[in-house]
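So this one's model12.pdb, PDB, C-alpha atoms and all ligand atoms:
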ATOM      1  CA  MET A 253     -16.502  12.125  24.157
ATOM      2  CA  ARG A 254     -16.015  14.041  20.904
ATOM      3  CA  LYS A 255     -18.211  12.833  18.039
ATOM      4  CA  CYS A 256     -17.150  12.189  14.453
ATOM      5  CA  SER A 257     -18.642  14.577  11.953
ATOM      6  CA  LEU A 258     -20.131  12.756   9.011
ATOM      7  CA  ALA A 259     -21.711  12.994   5.630
ATOM      8  CA  GLN A 260     -25.349  13.959   5.276
ATOM      9  CA  GLY A 261     -25.253  16.327   8.202
ATOM     10  CA  ARG A 262     -25.264  13.562  10.792
ATOM     11  CA  GLU A 263     -23.072  14.220  13.765
ATOM     12  CA  THR A 264     -22.453  10.701  14.853
ATOM     13  CA  TYR A 265     -22.177   7.392  13.153
ATOM     14  CA  ASP A 266     -24.039   4.218  13.952
ATOM     15  CA  ALA A 267     -23.059   0.860  12.556
ATOM     16  CA  PRO A 268     -25.985  -0.808  10.798
ATOM     17  CA  VAL A 269     -26.027  -4.204  12.345
ATOM     18  CA  GLY A 270     -27.579  -5.955  15.236
ATOM     19  CA  LEU A 271     -25.399  -8.988  15.713
ATOM     20  CA  SER A 272     -27.845 -10.645  17.997
ATOM     21  CA  SER A 273     -28.729 -14.282  18.053
ATOM     22  CA  GLY A 274     -30.942 -15.738  15.348
ATOM     23  CA  THR A 275     -31.006 -18.561  12.868
ATOM     24  CA  GLY A 276     -27.918 -17.191  11.193
ATOM     25  CA  ASP A 277     -29.305 -17.378   7.671
ATOM     26  CA  GLY A 278     -30.178 -13.664   7.766
ATOM     27  CA  LYS A 279     -33.801 -14.310   6.853
ATOM     28  CA  ASP A 280     -35.066 -13.319  10.274
ATOM     29  CA  GLY A 281     -33.057 -10.102  10.110
ATOM     30  CA  LYS A 282     -30.574 -11.462  12.649
ATOM     31  CA  TRP A 283     -27.223 -12.362  11.421
ATOM     32  CA  ASN A 284     -24.804 -15.194  12.165
ATOM     33  CA  PRO A 285     -25.020 -16.128  15.805
ATOM     34  CA  ARG A 286     -21.849 -18.183  15.503
ATOM     35  CA  VAL A 287     -19.587 -15.197  15.973
ATOM     36  CA  PRO A 288     -18.162 -15.277  19.473
ATOM     37  CA  LYS A 289     -19.824 -12.808  21.798
ATOM     38  CA  ALA A 290     -16.610 -10.895  22.312
ATOM     39  CA  LEU A 291     -16.600  -9.957  18.643
ATOM     40  CA  ARG A 292     -20.122  -8.595  18.468
ATOM     41  CA  THR A 293     -20.150  -4.848  18.496
ATOM     42  CA  GLY A 294     -23.830  -4.221  17.819
ATOM     43  CA  ARG A 295     -24.798  -0.611  17.197
ATOM     44  CA  ARG A 296     -22.094   1.669  18.410
ATOM     45  CA  ARG A 297     -21.005   5.209  17.958
ATOM     46  CA  LEU A 298     -17.565   5.471  16.485
ATOM     47  CA  PRO A 299     -15.432   7.812  18.514
ATOM     48  CA  CYS A 300     -12.879  10.096  16.919
ATOM     49  CA  ARG A 301      -9.421   9.552  18.313
ATOM     50  CA  PRO A 302      -6.280  11.565  18.740
ATOM     51  CA  VAL A 303      -3.983  11.249  15.770
ATOM     52  CA  SER A 304      -0.236  11.272  16.086
ATOM     53  CA  GLU A 305       0.746  11.384  12.406
ATOM     54  CA  PRO A 306       0.163  14.602  10.458
ATOM     55  CA  PRO A 307      -1.575  14.091   7.078
ATOM     56  CA  PRO A 308       0.781  13.879   4.090
ATOM     57  CA  PRO A 309       1.012  17.186   2.262
ATOM     58  CA  GLY A 310      -1.909  17.715  -0.056
ATOM     59  CA  ILE A 311      -4.078  14.875   1.228
ATOM     60  CA  ASP A 312      -6.516  15.214   4.045
ATOM     61  CA  LYS A 313      -7.289  11.790   5.494
ATOM     62  CA  ALA A 314      -9.393  12.994   8.403
ATOM     63  CA  ALA A 315     -11.821  10.213   9.326
ATOM     64  CA  GLY A 316     -14.921  12.323   8.663
ATOM     65  CA  LYS A 317     -13.710  13.237   5.166
ATOM     66  CA  ILE A 318     -12.857   9.662   4.256
ATOM     67  CA  GLN A 319     -16.233   8.429   5.520
ATOM     68  CA  ALA A 320     -18.032  11.176   3.612
ATOM     69  CA  MET A 321     -16.158  10.327   0.410
ATOM     70  CA  PHE A 322     -16.937   6.605   0.621
ATOM     71  CA  SER A 323     -20.548   7.238   1.518
ATOM     72  CA  ARG A 324     -20.867   9.376  -1.645
ATOM     73  CA  ILE A 325     -19.287   6.842  -3.983
ATOM     74  CA  ALA A 326     -20.775   3.717  -2.341
ATOM     75  CA  PRO A 327     -23.688   3.248  -4.811
ATOM     76  CA  ARG A 328     -21.321   2.973  -7.797
ATOM     77  CA  TYR A 329     -18.289   1.581  -5.985
ATOM     78  CA  ASP A 330     -18.539  -2.011  -7.242
ATOM     79  CA  LEU A 331     -19.360  -0.988 -10.805
ATOM     80  CA  LEU A 332     -16.399   1.362 -10.964
ATOM     81  CA  ASN A 333     -14.073  -1.214  -9.454
ATOM     82  CA  ARG A 334     -14.895  -3.701 -12.188
ATOM     83  CA  LEU A 335     -14.734  -1.056 -14.894
ATOM     84  CA  LEU A 336     -11.463   0.532 -13.834
ATOM     85  CA  SER A 337      -9.646  -2.713 -13.196
ATOM     86  CA  GLY A 338     -11.184  -4.736 -16.036
ATOM     87  CA  GLY A 339     -12.171  -7.312 -13.413
ATOM     88  CA  THR A 340      -8.605  -7.735 -12.120
ATOM     89  CA  ASP A 341      -9.673  -6.561  -8.672
ATOM     90  CA  VAL A 342     -11.675  -9.780  -8.267
ATOM     91  CA  ALA A 343      -8.598 -11.894  -9.021
ATOM     92  CA  TRP A 344      -6.525  -9.823  -6.581
ATOM     93  CA  ARG A 345      -8.975 -10.349  -3.742
ATOM     94  CA  ASN A 346      -9.087 -14.074  -4.515
ATOM     95  CA  GLU A 347      -5.305 -14.121  -4.332
ATOM     96  CA  ALA A 348      -5.410 -12.272  -0.989
ATOM     97  CA  ALA A 349      -7.843 -14.909   0.323
ATOM     98  CA  ARG A 350      -5.568 -17.678  -0.962
ATOM     99  CA  LEU A 351      -2.574 -16.106   0.813
ATOM    100  CA  LEU A 352      -4.565 -15.826   4.046
ATOM    101  CA  ALA A 353      -5.347 -19.555   3.740
ATOM    102  CA  PRO A 354      -8.322 -19.650   6.134
ATOM    103  CA  ILE A 355      -8.997 -23.027   7.658
ATOM    104  CA  PRO A 356     -12.261 -24.403   9.056
ATOM    105  CA  GLY A 357     -13.135 -23.156  12.519
ATOM    106  CA  GLU A 358     -10.958 -20.057  12.330
ATOM    107  CA  VAL A 359     -12.283 -16.510  12.806
ATOM    108  CA  HIS A 360     -11.069 -13.781  10.476
ATOM    109  CA  LEU A 361     -11.500 -10.040  10.302
ATOM    110  CA  ASP A 362     -11.883  -8.234   7.001
ATOM    111  CA  LEU A 363     -11.132  -4.649   7.941
ATOM    112  CA  CYS A 364     -12.082  -1.777   5.616
ATOM    113  CA  SER A 365     -14.423  -4.342   4.153
ATOM    114  CA  GLY A 366     -16.487  -1.826   2.205
ATOM    115  CA  THR A 367     -19.039  -3.690   0.123
ATOM    116  CA  GLY A 368     -17.670  -6.991   1.383
ATOM    117  CA  ASP A 369     -15.992  -8.585  -1.639
ATOM    118  CA  LEU A 370     -12.867  -9.716   0.205
ATOM    119  CA  ALA A 371     -14.898 -10.990   3.172
ATOM    120  CA  LEU A 372     -16.854 -13.092   0.657
ATOM    121  CA  ALA A 373     -13.658 -14.330  -1.004
ATOM    122  CA  VAL A 374     -12.263 -15.420   2.391
ATOM    123  CA  SER A 375     -15.500 -17.166   3.302
ATOM    124  CA  LYS A 376     -15.610 -18.939  -0.068
ATOM    125  CA  ARG A 377     -11.943 -19.894   0.191
ATOM    126  CA  SER A 378     -12.745 -21.805   3.393
ATOM    127  CA  ARG A 379     -15.912 -23.236   1.788
ATOM    128  CA  GLY A 380     -17.887 -21.353   4.391
ATOM    129  CA  ARG A 381     -16.193 -23.158   7.254
ATOM    130  CA  ALA A 382     -14.136 -20.257   8.621
ATOM    131  CA  ARG A 383     -16.020 -17.317  10.114
ATOM    132  CA  VAL A 384     -15.444 -13.842   8.765
ATOM    133  CA  VAL A 385     -16.396 -10.526  10.342
ATOM    134  CA  ALA A 386     -16.663  -7.600   7.910
ATOM    135  CA  ALA A 387     -15.734  -4.299   9.552
ATOM    136  CA  ASP A 388     -15.707  -0.764   8.204
ATOM    137  CA  PHE A 389     -16.543   2.742   9.376
ATOM    138  CA  THR A 390     -18.702   3.845   6.437
ATOM    139  CA  PHE A 391     -22.358   3.017   6.933
ATOM    140  CA  GLU A 392     -23.282   3.158   3.241
ATOM    141  CA  MET A 393     -20.546   0.700   2.220
ATOM    142  CA  LEU A 394     -21.482  -1.730   4.997
ATOM    143  CA  ALA A 395     -25.161  -1.498   4.080
ATOM    144  CA  LEU A 396     -24.384  -2.537   0.489
ATOM    145  CA  GLY A 397     -22.184  -5.347   1.761
ATOM    146  CA  LEU A 398     -24.963  -6.617   4.006
ATOM    147  CA  GLN A 399     -27.402  -6.682   1.074
ATOM    148  CA  LYS A 400     -24.827  -8.626  -0.931
ATOM    149  CA  PHE A 401     -24.248 -11.201   1.833
ATOM    150  CA  ARG A 402     -27.984 -11.716   2.216
ATOM    151  CA  ARG A 403     -28.540 -12.007  -1.539
ATOM    152  CA  LYS A 404     -25.861 -14.680  -1.710
ATOM    153  CA  GLY A 405     -27.077 -16.358   1.478
ATOM    154  CA  ILE A 406     -23.612 -16.171   3.036
ATOM    155  CA  PRO A 407     -23.774 -15.314   6.739
ATOM    156  CA  ILE A 408     -21.070 -12.716   7.309
ATOM    157  CA  PRO A 409     -21.688 -10.443  10.295
ATOM    158  CA  GLU A 410     -20.726  -6.816  10.057
ATOM    159  CA  ALA A 411     -19.266  -4.439  12.589
ATOM    160  CA  GLY A 412     -19.048  -0.684  12.506
ATOM    161  CA  ALA A 413     -15.397  -0.227  13.385
ATOM    162  CA  ASP A 414     -12.720   2.393  13.090
ATOM    163  CA  GLY A 415      -9.456   0.760  12.065
ATOM    164  CA  LEU A 416      -7.518   3.079  14.368
ATOM    165  CA  ASN A 417      -9.524   2.087  17.398
ATOM    166  CA  LEU A 418     -10.872  -1.405  16.841
ATOM    167  CA  PRO A 419     -13.794  -2.407  19.052
ATOM    168  CA  PHE A 420     -12.442  -5.918  19.609
ATOM    169  CA  PRO A 421     -10.501  -7.450  22.476
ATOM    170  CA  ALA A 422      -6.850  -8.368  21.966
ATOM    171  CA  ALA A 423      -5.867 -11.673  20.344
ATOM    172  CA  VAL A 424      -9.260 -12.822  19.074
ATOM    173  CA  PHE A 425      -8.738 -13.295  15.333
ATOM    174  CA  ASP A 426      -6.797 -16.037  13.579
ATOM    175  CA  GLY A 427      -6.306 -13.786  10.582
ATOM    176  CA  ALA A 428      -7.133 -10.409   9.143
ATOM    177  CA  THR A 429      -7.317  -8.849   5.714
ATOM    178  CA  ALA A 430      -7.547  -5.296   4.445
ATOM    179  CA  ALA A 431      -7.903  -4.535   0.735
ATOM    180  CA  PHE A 432      -7.380  -0.984  -0.505
ATOM    181  CA  GLY A 433      -8.234   0.232   2.970
ATOM    182  CA  VAL A 434      -5.207   0.970   5.142
ATOM    183  CA  ARG A 435      -4.009   3.551   2.576
ATOM    184  CA  ASN A 436      -6.874   5.719   3.821
ATOM    185  CA  PHE A 437      -5.825   5.619   7.470
ATOM    186  CA  GLU A 438      -5.013   8.934   9.020
ATOM    187  CA  ASP A 439      -2.339   7.187  11.052
ATOM    188  CA  LEU A 440      -1.064   4.058   9.300
ATOM    189  CA  ASP A 441       1.231   2.914  12.114
ATOM    190  CA  ARG A 442      -1.535   3.087  14.655
ATOM    191  CA  GLY A 443      -3.853   1.107  12.335
ATOM    192  CA  LEU A 444      -1.186  -1.568  11.860
ATOM    193  CA  ARG A 445      -0.675  -1.789  15.615
ATOM    194  CA  GLU A 446      -4.427  -2.233  16.074
ATOM    195  CA  LEU A 447      -4.479  -5.085  13.550
ATOM    196  CA  PHE A 448      -1.520  -6.646  15.337
ATOM    197  CA  ARG A 449      -3.290  -6.304  18.685
ATOM    198  CA  VAL A 450      -6.485  -8.136  17.639
ATOM    199  CA  LEU A 451      -4.588 -11.064  16.070
ATOM    200  CA  LYS A 452      -3.838 -14.181  18.059
ATOM    201  CA  PRO A 453      -0.168 -15.189  18.389
ATOM    202  CA  GLY A 454       0.721 -16.825  15.087
ATOM    203  CA  GLY A 455      -2.135 -14.946  13.387
ATOM    204  CA  ARG A 456      -1.626 -13.622   9.878
ATOM    205  CA  LEU A 457      -2.490 -10.403   8.166
ATOM    206  CA  VAL A 458      -2.887  -9.856   4.419
ATOM    207  CA  VAL A 459      -2.825  -6.264   3.219
ATOM    208  CA  LEU A 460      -3.702  -5.695  -0.427
ATOM    209  CA  GLU A 461      -2.808  -2.299  -1.871
ATOM    210  CA  PHE A 462      -1.683  -0.541  -4.998
ATOM    211  CA  THR A 463       2.002   0.246  -5.287
ATOM    212  CA  PRO A 464       3.129   3.836  -5.857
ATOM    213  CA  GLU A 465       5.654   3.270  -8.632
ATOM    214  CA  PRO A 466       5.200   0.018 -10.545
ATOM    215  CA  ALA A 467       8.321  -0.861 -12.527
ATOM    216  CA  GLY A 468       8.748  -2.867 -15.735
ATOM    217  CA  PRO A 469       7.696  -2.488 -19.355
ATOM    218  CA  LEU A 470       4.050  -1.744 -18.554
ATOM    219  CA  ALA A 471       4.881   1.065 -16.108
ATOM    220  CA  PRO A 472       4.046   3.986 -18.472
ATOM    221  CA  LEU A 473       0.718   2.377 -19.357
ATOM    222  CA  VAL A 474      -0.092   1.806 -15.688
ATOM    223  CA  ARG A 475       0.821   5.398 -14.835
ATOM    224  CA  PHE A 476      -1.477   6.677 -17.589
ATOM    225  CA  HIS A 477      -4.248   4.389 -16.362
ATOM    226  CA  VAL A 478      -3.983   5.399 -12.704
ATOM    227  CA  ARG A 479      -3.202   9.091 -13.113
ATOM    228  CA  THR A 480      -5.401   9.973 -16.116
ATOM    229  CA  LEU A 481      -7.950   7.310 -16.968
ATOM    230  CA  VAL A 482      -9.091   6.525 -13.414
ATOM    231  CA  PRO A 483      -9.919  10.147 -12.473
ATOM    232  CA  PHE A 484     -11.585  10.654 -15.884
ATOM    233  CA  LEU A 485     -13.792   7.545 -15.726
ATOM    234  CA  GLY A 486     -14.422   8.067 -12.020
ATOM    235  CA  ARG A 487     -15.663  11.572 -12.729
ATOM    236  CA  LEU A 488     -17.883  10.312 -15.525
ATOM    237  CA  VAL A 489     -19.476   7.374 -13.732
ATOM    238  CA  SER A 490     -19.487   8.382 -10.072
ATOM    239  CA  LYS A 491     -19.951  12.098 -10.722
ATOM    240  CA  ASP A 492     -17.542  12.640  -7.849
ATOM    241  CA  PRO A 493     -14.373  14.211  -9.255
ATOM    242  CA  SER A 494     -12.565  14.512  -5.926
ATOM    243  CA  ALA A 495     -12.968  10.841  -4.948
ATOM    244  CA  TYR A 496     -11.315   9.469  -8.052
ATOM    245  CA  GLN A 497      -8.605  12.126  -7.988
ATOM    246  CA  TYR A 498      -7.948  11.045  -4.396
ATOM    247  CA  LEU A 499      -7.099   7.518  -5.634
ATOM    248  CA  PRO A 500      -4.011   8.429  -7.742
ATOM    249  CA  ASP A 501      -3.016  11.111  -5.231
ATOM    250  CA  SER A 502      -3.072   8.722  -2.290
ATOM    251  CA  VAL A 503      -1.429   5.893  -4.256
ATOM    252  CA  GLY A 504       1.349   8.270  -5.381
ATOM    253  CA  ARG A 505       2.165   9.091  -1.753
ATOM    254  CA  TRP A 506       1.832   5.532  -0.495
ATOM    255  CA  PRO A 507       4.977   3.737   0.777
ATOM    256  CA  ALA A 508       6.727   1.405  -1.652
ATOM    257  CA  PRO A 509       6.311  -2.313  -0.832
ATOM    258  CA  GLU A 510       9.596  -2.600   1.084
ATOM    259  CA  ALA A 511       8.806   0.523   3.111
ATOM    260  CA  LEU A 512       5.339  -0.762   3.950
ATOM    261  CA  ALA A 513       6.855  -4.095   5.019
ATOM    262  CA  ALA A 514       9.204  -2.185   7.354
ATOM    263  CA  ARG A 515       6.236  -0.324   8.886
ATOM    264  CA  MET A 516       4.470  -3.673   9.432
ATOM    265  CA  ARG A 517       7.524  -5.087  11.176
ATOM    266  CA  ALA A 518       7.730  -1.917  13.292
ATOM    267  CA  ALA A 519       4.094  -2.532  14.310
ATOM    268  CA  GLY A 520       5.238  -5.840  15.783
ATOM    269  CA  PHE A 521       4.850  -8.419  13.014
ATOM    270  CA  ALA A 522       7.551 -11.058  13.133
ATOM    271  CA  SER A 523       7.711 -11.686   9.394
ATOM    272  CA  VAL A 524       6.412  -9.959   6.284
ATOM    273  CA  GLU A 525       6.371 -11.387   2.757
ATOM    274  CA  ILE A 526       5.668  -9.253  -0.295
ATOM    275  CA  HIS A 527       3.759 -10.696  -3.271
ATOM    276  CA  LEU A 528       3.674  -8.389  -6.275
ATOM    277  CA  LEU A 529       0.542  -8.730  -8.408
ATOM    278  CA  ALA A 530      -0.096  -7.812 -12.044
ATOM    279  CA  PHE A 531       3.448  -6.655 -12.888
ATOM    280  CA  GLY A 532       3.701  -4.854  -9.567
ATOM    281  CA  ILE A 533       0.604  -2.659  -9.940
ATOM    282  CA  ALA A 534      -0.577  -4.034  -6.614
ATOM    283  CA  ALA A 535       1.073  -5.875  -3.750
ATOM    284  CA  ALA A 536      -0.163  -8.305  -1.145
ATOM    285  CA  HIS A 537       1.812  -8.104   2.110
ATOM    286  CA  VAL A 538       1.489 -11.235   4.205
ATOM    287  CA  ALA A 539       2.545 -10.628   7.803
ATOM    288  CA  ARG A 540       2.618 -12.995  10.738
ATOM    289  CA  LYS A 541       2.368 -12.236  14.432
ATOM    290  CA  GLY A 542       5.025 -14.226  16.203
ATOM    291  CA  ALA A 543       4.232 -16.915  18.726
ATOM    292  CA  PRO A 544       4.304 -15.709  22.380
TER     293      PRO A 544
HETATM  294  C1  LIG B   1     -11.383   1.488  -1.327
HETATM  295  S1  LIG B   1     -12.523   0.849  -0.154
HETATM  296  C2  LIG B   1     -12.089  -0.862  -0.132
HETATM  297  C3  LIG B   1     -13.253  -1.754   0.181
HETATM  298  C4  LIG B   1     -12.997  -3.241   0.065
HETATM  299  N1  LIG B   1     -11.975  -3.691   0.970
HETATM  300  C5  LIG B   1     -12.652  -3.625  -1.346
HETATM  301  O1  LIG B   1     -11.687  -4.360  -1.524
HETATM  302  O2  LIG B   1     -13.372  -3.236  -2.253
HETATM  303  C6  LIG B   1     -11.855   1.444   1.354
HETATM  304  C7  LIG B   1     -12.738   1.190   2.543
HETATM  305  O3  LIG B   1     -11.977   1.459   3.715
HETATM  306  C8  LIG B   1     -12.831   2.042   4.660
HETATM  307  N2  LIG B   1     -12.001   2.767   5.641
HETATM  308  C9  LIG B   1     -11.131   3.753   5.418
HETATM  309  N3  LIG B   1     -10.562   4.166   6.559
HETATM  310  C10 LIG B   1     -11.090   3.417   7.552
HETATM  311  C11 LIG B   1     -10.924   3.365   8.974
HETATM  312  N4  LIG B   1     -10.097   4.195   9.615
HETATM  313  N5  LIG B   1     -11.620   2.454   9.663
HETATM  314  C12 LIG B   1     -12.492   1.614   9.045
HETATM  315  N6  LIG B   1     -12.707   1.625   7.711
HETATM  316  C13 LIG B   1     -12.016   2.512   6.970
HETATM  317  C14 LIG B   1     -13.747   2.940   3.854
HETATM  318  O4  LIG B   1     -14.927   3.240   4.540
HETATM  319  C15 LIG B   1     -13.977   2.074   2.607
HETATM  320  O5  LIG B   1     -15.129   1.293   2.727
END
Re-express the file's structure as C-alpha cells.
Amino acid sequence: MRKCSLAQGRETYDAPVGLSSGTGDGKDGKWNPRVPKALRTGRRRLPCRPVSEPPPPGIDKAAGKIQAMFSRIAPRYDLLNRLLSGGTDVAWRNEAARLLAPIPGEVHLDLCSGTGDLALAVSKRSRGRARVVAADFTFEMLALGLQKFRRKGIPIPEAGADGLNLPFPAAVFDGATAAFGVRNFEDLDRGLRELFRVLKPGGRLVVLEFTPEPAGPLAPLVRFHVRTLVPFLGRLVSKDPSAYQYLPDSVGRWPAPEALAARMRAAGFASVEIHLLAFGIAAAHVARKGAP
C-alpha cells in the first residue's frame, strides 16, 4: 500500500486516539466507551487513494499538501478564526448544529472536525445526549481538539479519517456535519459519496462552507475582506502566507450554492436545502439520504 507523505518529514500518518474502553470521562486517558465498536478506528495509517478528479487550475489539493498546511496553521487556527470572522464562525457552527437537529441516542459524525468546534456544538445542541465522533486527517488539528474536549469534560471520541476513504461501515451514522472542510477535498464527488455511504437511510448531512460570490449590498466589503484582509491578517498572525492565500483562492473556485446542491444530489441525497448565512457569505446545505 502506498503511504501518504506528510508534514515534518513523516512518511505515514497515525491518528492520535485509542478509542478503547474506559470510564469515558477522559481522565484515565481512555475516551468515550459508548461509541459503538464498529465506529472505533483506533490508531490507523491513512492510505492515499486514487483520485478521479484533476485539481482545479492553480490549486493543488493533494492530501499530503492539505495535511501539511493544516498541521502548520493548527496552533493559531482557532485564534485566527475568531479574529477573521469577528466571532461569526461560532454562530455559523451553532446554526449548523441547529439544522442537524441531533436527538438523544443518535450517533453523528463531524468530518473535517479540525479543532472540534462543530463537534462540540452538535454535542451541546443535544445536551450531551447524542454521540458525536470527530474525524479528520490532520494529527495536529485532532490533537488540539482532543485537548479542548478534555478541558471542557465533554467526551467526544476522535478518529483519524480521510474523507475520501472513510474508515466506517456503511449506514452507521444518523447524521453528519462538515464545516469548511469538504472544500479541501481533492475529489469532492467522491467525498460526498463517502458521506452518503456512512449515513443511515433517512440520515442528514449539514455542510457549512463559504460561498464564492456573495451577492447583495455588502458584496464589495465581503470581497475585500476575503481577498485582501484575510490573506494579510493570516500572514501576520499565522506567519504562513500560503495557507491564508489558499482560503480566498479555494473559495473563489468553489461551486455556487445551487451547483453544490446539484453535486450533493448526484452523490445520492434525496433532498438538499440551502440556507444562506450572513448575507450569503456562507451557506449551510442540509441534505437527506432517502429512506430505503
Ligand atoms: C478549515 S478546517 C475546518 C475545521 C473545523 N471543521 C472548523 O469548523 O473549524 C478544515 C479541516 O478539514 C480537514 N480535511 C481536509 N481534507 C480532509 C480529508 N480529505 N479528510 C479528512 N479531513 C480533511 C483538515 O485537516 C482541517 O482540519
Nearby polymer residues, ligand LIG 1 (chain B), at most 7 Å, all atoms listed in the file, as a PDB file with C-alpha atoms, in the coordinates of the input:
ATOM      1  CA  ALA A 315     -11.821  10.213   9.326  1.00  0.00           C
ATOM      2  CA  ILE A 318     -12.857   9.662   4.256  1.00  0.00           C
ATOM      3  CA  GLN A 319     -16.233   8.429   5.520  1.00  0.00           C
ATOM      4  CA  PHE A 322     -16.937   6.605   0.621  1.00  0.00           C
ATOM      5  CA  ARG A 345      -8.975 -10.349  -3.742  1.00  0.00           C
ATOM      6  CA  LEU A 363     -11.132  -4.649   7.941  1.00  0.00           C
ATOM      7  CA  CYS A 364     -12.082  -1.777   5.616  1.00  0.00           C
ATOM      8  CA  SER A 365     -14.423  -4.342   4.153  1.00  0.00           C
ATOM      9  CA  GLY A 366     -16.487  -1.826   2.205  1.00  0.00           C
ATOM     10  CA  THR A 367     -19.039  -3.690   0.123  1.00  0.00           C
ATOM     11  CA  GLY A 368     -17.670  -6.991   1.383  1.00  0.00           C
ATOM     12  CA  ASP A 369     -15.992  -8.585  -1.639  1.00  0.00           C
ATOM     13  CA  LEU A 370     -12.867  -9.716   0.205  1.00  0.00           C
ATOM     14  CA  ALA A 387     -15.734  -4.299   9.552  1.00  0.00           C
ATOM     15  CA  ASP A 388     -15.707  -0.764   8.204  1.00  0.00           C
ATOM     16  CA  PHE A 389     -16.543   2.742   9.376  1.00  0.00           C
ATOM     17  CA  THR A 390     -18.702   3.845   6.437  1.00  0.00           C
ATOM     18  CA  MET A 393     -20.546   0.700   2.220  1.00  0.00           C
ATOM     19  CA  ALA A 413     -15.397  -0.227  13.385  1.00  0.00           C
ATOM     20  CA  ASP A 414     -12.720   2.393  13.090  1.00  0.00           C
ATOM     21  CA  GLY A 415      -9.456   0.760  12.065  1.00  0.00           C
ATOM     22  CA  LEU A 416      -7.518   3.079  14.368  1.00  0.00           C
ATOM     23  CA  ALA A 430      -7.547  -5.296   4.445  1.00  0.00           C
ATOM     24  CA  ALA A 431      -7.903  -4.535   0.735  1.00  0.00           C
ATOM     25  CA  PHE A 432      -7.380  -0.984  -0.505  1.00  0.00           C
ATOM     26  CA  GLY A 433      -8.234   0.232   2.970  1.00  0.00           C
ATOM     27  CA  VAL A 434      -5.207   0.970   5.142  1.00  0.00           C
ATOM     28  CA  ASN A 436      -6.874   5.719   3.821  1.00  0.00           C
ATOM     29  CA  PHE A 437      -5.825   5.619   7.470  1.00  0.00           C
ATOM     30  CA  GLU A 438      -5.013   8.934   9.020  1.00  0.00           C
TER      31      GLU A 438
END
Q) Between A:Ile533, A:Ala320, A:Ala471, A:Ala423, which has the minimum distance to Phe391 (chain A) (counting all atoms listed in the file)? A)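 Comparing A:Ile533, A:Ala320, A:Ala471, A:Ala423 against Phe391 (chain A), the winner is A:Ala320.
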(Q) Which residues would end up in the selection if the PyMOL selection byres (((chain A and resi 449-461) around 7) and not hetatm) were applied here, given that I need the answer as number ranges by chain? (A) A: 348, 352, 420-432, 445-448, 462-463, 534-544
Nearby residues, (-16.9, 14.3, -4.4) file frame, 8 Å, only C-alpha atoms, as an mmCIF file with C-alpha atoms, keeping the file's coordinate frame:
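Written out: out_17.cif:
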data_model
loop_
_atom_site.group_PDB
_atom_site.id
_atom_site.type_symbol
_atom_site.label_atom_id
_atom_site.label_comp_id
_atom_site.auth_asym_id
_atom_site.auth_seq_id
_atom_site.Cartn_x
_atom_site.Cartn_y
_atom_site.Cartn_z
ATOM 1 C CA MET A 321 -16.158 10.327 0.410
ATOM 2 C CA ARG A 324 -20.867 9.376 -1.645
ATOM 3 C CA ILE A 325 -19.287 6.842 -3.983
ATOM 4 C CA LYS A 491 -19.951 12.098 -10.722
ATOM 5 C CA ASP A 492 -17.542 12.640 -7.849
ATOM 6 C CA PRO A 493 -14.373 14.211 -9.255
ATOM 7 C CA SER A 494 -12.565 14.512 -5.926
ATOM 8 C CA ALA A 495 -12.968 10.841 -4.948
#
Q: Spell out the residues picked by the PyMOL selection byres (((chain A and resi 503-516) around 8) and not hetatm) here, as a list in words.
A: Pro308, Arg435, Asp441, Leu444, Phe462, Thr463, Pro464, Glu465, Leu499, Pro500, Asp501, Ser502, Arg517, Ala518, Ala519, Gly520, Phe521, Val524, Glu525, Ile526, Ala535, His537 and Ala539 of chain A
(Q) Running the PyMOL selection byres (((chain A and resi 342) around 12) and not hetatm) on this model by hand, what would come out? Give it as a list of chain:residue names. (A)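 Output from the PyMOL selection byres (((chain A and resi 342) around 12) and not hetatm), applied to this file: A:Asp330, A:Leu331, A:Asn333, A:Arg334, A:Leu335, A:Leu336, A:Ser337, A:Gly338, A:Gly339, A:Thr340, A:Asp341, A:Ala343, A:Trp344, A:Arg345, A:Asn346, A:Glu347, A:Ala348, A:Ala349, A:Gly368, A:Asp369, A:Leu370, A:Ala371, A:Leu372, A:Ala373, A:Ala431, A:Leu460.
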Q.
Please report the interatomic distance between CA of Glu392 (chain A) and CA of Ala326 (chain A) in Å with one decimal.
A.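 These atoms are spaced 6.1 Å apart.
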